[in-house]
Amino acid sequence: MFQRIRSAALRGIEAIPVEIEVDSTSGLPGFSLVGLPDNAVREARERVISAMRSCGFYGCSTRMTVNMSPADLRKEGAAFDLGLAIGMLAATEQIRIANLENFLFLGELSLDAKLRPVHGILAVAANLARYAPQTTLVVPYENREEAVCVETLKVIAPKTLEECLNGLQEPERVYCSGHECHLASATQNKTADFSQVYGMAAVKRALEISAAGAHNFLLVGSPGAGKTLCARCLPGILPAMRRNESLESTIIHSCAGMFDSCSGLMKSRPFRSPHHTATVASLVGGMKLRPGEASLAHNGVLFLDELPEFQRAALECLRQPLEEGVVRLNRALGNISFPASFVLGAAMNPCPCGYAMDNRRDCRCAPETIKRYRSKVSGPLLDRIDLQVSVPSVPIDESRAGEAGESSAEIQKRVEAACEIQENRLKDRKNFRNGHLDGKTLKDILLWDREAENFALKAAEKWRMSHRGYDRMLKVARTIADLRQSDKVERPDLAEAIQYRALEATWMN
């Protein structure tokens with residue numbers, strides 16, 4: 001008997017429909033699996049037959065041929081176990097279930113017929129809701145929170161193969177409720193608060209601008225000056241995620257196997273801080289076509305501490321995502337794209353010993369050593385960083401004597417107000433943040449006068465800015481104007497934006 005079962009495979013973060021075709025015929029017992037399966041899929045035969053026997057069914061007593069279509073798509077992982085088991089049972093007429101074509105099966109089987117969770121369920125659920133909303137998704141019980149995040153989809157989440165078969169007989173009784181899904185509270189992420197940072201008003205101001213307009217930033221200062229502490233306070237002032245942003249980011253984390261079943265959809269923007277030993281593949285993705293740190297930071301922040309210590313090739317691979325907001329990978333397994341619209345944050349010392357900018361300690365580095373160290377950050381990458389901030393070293397007695405500054409909650413209110421202005425200005429755009437605007441749109445929203453324009457042009461000529469650097473300076477000025485609730489970009493806004501490119505013009509080159 002022939003039976004067709006619906007399943008799905010992941011290609012990057014995209015869910016591709018897969019049909020498991022099972023043909024059972026008389027003859028010597030045998031099992032043949034075709035359709036470009038990997039080793040984990042080939043081994044499914046042993047897991048599935050053992051699980052069937054655990055439920056009281058007989059195993060492979062006929063000549064059985066299984067094809068996974070489309071045949072030119074590589075099938076990876078153990079997520080096809082459940083669909084294969086249902087197909088084999090139906091093809092051998094051990095079960096009789098009507099309308100199996102209305103179900104899509106995903107899940108790994110253990111030898112005792114228990115269902116184990118798999119990654120990428122949310123991507124499959126979102127794809128089903130878009131293209132086949134009448135389909136019922138059948139997933140392991142531990143994936144239920146992930147599946148019901150798409151509230152319009154019907155979901156069955158059994159714990160065992162036997163429970164799954166019972167649920168298919170009366171699906172109306174075992175549907176999971178979409179109300180089980182919830183947004184993770186923003187307070188769940190325990191981040192540092194700006195009220196813990198004494199002084200450093202200029203650094204706080206730069207990070208506020210970065211959060212309000214999605215601008216890349218670089219903090220340069222002596223060891224222990226507070227660069228990393230300030231950066232780790234940034235998540236507390238980032239604007240709340242919109243529903244579509246939350247769904248996008250959660251899908252990426254789901255495909256990477258990082259979905260938190262206790263948190264539901266992500267609400268807090270991701271803040272990724274990889275170690276400086278990170279490779280190209282770990283930053284932009286590619287290992288088994290999984291998303292990398294740049295994609296995991298989508299709609300959030302990718303923070304690179306000790307920037308010059310990263311591999312030069314790893315840093316350079318971020319240049320294209322910073323411009324386009326997407327990572328495109330060409331591999332032997334295929335060509336895929338990952339969303340990667342993130343804010344790049346970085347911190348570094350001014351020299352190998354760290355004290356070239358410290359007026360309290362002498363630098364021991366030779367000029368050539370300093371030049372070689374700073375050149376590890378290339379000009380093209382530095383040109384893409386909007387806010388380049390010098391972090392002064394403050395004596396301990398002065399920092400402790402000062403009063404605590406504003407809390408992150410107070411700063412976040414101003415950030416949210418600026419983001420609301422940007423969203424209302426460009427309602428028809430998906431990326432409305434100033435840092436993501438193209439040149440034409442930027443020109444239309446500056447609303448500056450001739451005096452301000454001439455001032456910007458003269459400054460660009462004096463500081464020898466590139467066209468990209470000039471546009472990025474104007475985007476920062478637009479954000480500064482939004483923070484003070486102004487429609488027009490004026491000369492003081494431009495002056496503040498220009499000073500954030502001073503490091504590049506003075507000593508980085």
# chains A, B, ... in the order shown; residues from 1 in each chain; ligands from 1
>>> closest_atom_pairs(of="stretch 72-162 of chain A", to="stretch 31-54 of chain A", cutoff="10 Å", atoms="only C-alpha atoms", output="JSON lines")
{"residue": "A:Asp72", "atom": "CA", "partner": "A:Leu36", "partner_atom": "CA", "distance": 6.6}
{"residue": "A:Leu73", "atom": "CA", "partner": "A:Leu36", "partner_atom": "CA", "distance": 6.6}
{"residue": "A:Arg74", "atom": "CA", "partner": "A:Leu36", "partner_atom": "CA", "distance": 5.1}
{"residue": "A:Lys75", "atom": "CA", "partner": "A:Pro37", "partner_atom": "CA", "distance": 4.7}
{"residue": "A:Glu76", "atom": "CA", "partner": "A:Asp38", "partner_atom": "CA", "distance": 5.4}
{"residue": "A:Gly77", "atom": "CA", "partner": "A:Ala40", "partner_atom": "CA", "distance": 5.3}
{"residue": "A:Ala78", "atom": "CA", "partner": "A:Val41", "partner_atom": "CA", "distance": 5.9}
{"residue": "A:Ala79", "atom": "CA", "partner": "A:Val41", "partner_atom": "CA", "distance": 8.4}
{"residue": "A:Phe80", "atom": "CA", "partner": "A:Val41", "partner_atom": "CA", "distance": 7.2}
{"residue": "A:Asp81", "atom": "CA", "partner": "A:Ala44", "partner_atom": "CA", "distance": 5.9}
{"residue": "A:Leu82", "atom": "CA", "partner": "A:Val48", "partner_atom": "CA", "distance": 7.8}
{"residue": "A:Gly83", "atom": "CA", "partner": "A:Val48", "partner_atom": "CA", "distance": 9.7}
{"residue": "A:Leu84", "atom": "CA", "partner": "A:Val48", "partner_atom": "CA", "distance": 7.4}
{"residue": "A:Ala85", "atom": "CA", "partner": "A:Val48", "partner_atom": "CA", "distance": 5.7}
{"residue": "A:Ile86", "atom": "CA", "partner": "A:Val48", "partner_atom": "CA", "distance": 9.4}
{"residue": "A:Met88", "atom": "CA", "partner": "A:Val48", "partner_atom": "CA", "distance": 9.0}
{"residue": "A:Leu89", "atom": "CA", "partner": "A:Met52", "partner_atom": "CA", "distance": 8.2}
{"residue": "A:Glu108", "atom": "CA", "partner": "A:Ala44", "partner_atom": "CA", "distance": 8.8}
{"residue": "A:Leu109", "atom": "CA", "partner": "A:Arg47", "partner_atom": "CA", "distance": 6.4}
{"residue": "A:Ser110", "atom": "CA", "partner": "A:Arg47", "partner_atom": "CA", "distance": 6.2}
{"residue": "A:Leu111", "atom": "CA", "partner": "A:Ala51", "partner_atom": "CA", "distance": 4.9}
{"residue": "A:Asp112", "atom": "CA", "partner": "A:Ala51", "partner_atom": "CA", "distance": 5.3}
{"residue": "A:Ala113", "atom": "CA", "partner": "A:Ala51", "partner_atom": "CA", "distance": 4.2}
{"residue": "A:Lys114", "atom": "CA", "partner": "A:Ala51", "partner_atom": "CA", "distance": 7.8}
{"residue": "A:Leu115", "atom": "CA", "partner": "A:Ala51", "partner_atom": "CA", "distance": 9.7}
{"residue": "A:Thr160", "atom": "CA", "partner": "A:Ala51", "partner_atom": "CA", "distance": 9.3}
{"residue": "A:Leu161", "atom": "CA", "partner": "A:Ala51", "partner_atom": "CA", "distance": 7.6}
{"residue": "A:Glu162", "atom": "CA", "partner": "A:Met52", "partner_atom": "CA", "distance": 8.9}
>>> residues_around(residues="A:Ile5", least_positions_apart="6", cutoff="6 Å", atoms="only C-alpha atoms", output="PyMOL selection string")
chain A and resi 19-20+87
>>> closest_residue(among="A:Glu453, A:Ile237, A:Phe105, A:Thr92", to="A:Ala409", atoms="only C-alpha atoms")
A:Ile237
>>> residues_around(residues="A:Ser393", least_positions_apart="4", cutoff="9 Å", atoms="only C-alpha atoms", output="list in words")
Gly221, Ser222, Pro223, Gly224, Ala225, Gly226, Met357, Asp358, Asn359 and Arg360 of chain A
>>> write_last_selection(atoms="N, CA and C atoms", output="PDB file, in the first residue's frame")
ATOM      1  N   GLY A 221      39.197  53.281  25.081  1.00  0.00           N
ATOM      2  CA  GLY A 221      39.703  53.816  26.332  1.00  0.00           C
ATOM      3  C   GLY A 221      40.629  52.841  27.030  1.00  0.00           C
ATOM      4  N   SER A 222      41.197  53.277  28.112  1.00  0.00           N
ATOM      5  CA  SER A 222      42.155  52.475  28.868  1.00  0.00           C
ATOM      6  C   SER A 222      41.475  51.289  29.540  1.00  0.00           C
ATOM      7  N   PRO A 223      42.255  50.261  29.897  1.00  0.00           N
ATOM      8  CA  PRO A 223      41.671  49.114  30.610  1.00  0.00           C
ATOM      9  C   PRO A 223      41.028  49.547  31.918  1.00  0.00           C
ATOM     10  N   GLY A 224      39.850  49.042  32.185  1.00  0.00           N
ATOM     11  CA  GLY A 224      39.157  49.363  33.428  1.00  0.00           C
ATOM     12  C   GLY A 224      38.456  50.696  33.435  1.00  0.00           C
ATOM     13  N   ALA A 225      38.390  51.383  32.292  1.00  0.00           N
ATOM     14  CA  ALA A 225      37.742  52.692  32.246  1.00  0.00           C
ATOM     15  C   ALA A 225      36.220  52.589  32.306  1.00  0.00           C
ATOM     16  N   GLY A 226      35.659  51.424  32.031  1.00  0.00           N
ATOM     17  CA  GLY A 226      34.207  51.244  32.099  1.00  0.00           C
ATOM     18  C   GLY A 226      33.551  51.016  30.751  1.00  0.00           C
ATOM     19  N   MET A 357      45.987  56.730  25.868  1.00  0.00           N
ATOM     20  CA  MET A 357      45.072  57.858  26.079  1.00  0.00           C
ATOM     21  C   MET A 357      44.887  58.173  27.555  1.00  0.00           C
ATOM     22  N   ASP A 358      45.713  57.598  28.412  1.00  0.00           N
ATOM     23  CA  ASP A 358      45.570  57.777  29.853  1.00  0.00           C
ATOM     24  C   ASP A 358      46.565  58.837  30.317  1.00  0.00           C
ATOM     25  N   ASN A 359      46.065  59.914  30.951  1.00  0.00           N
ATOM     26  CA  ASN A 359      46.954  60.976  31.415  1.00  0.00           C
ATOM     27  C   ASN A 359      47.540  60.702  32.797  1.00  0.00           C
ATOM     28  N   ARG A 360      47.227  59.527  33.362  1.00  0.00           N
ATOM     29  CA  ARG A 360      47.742  59.186  34.682  1.00  0.00           C
ATOM     30  C   ARG A 360      48.819  58.104  34.632  1.00  0.00           C
TER      31      ARG A 360
END
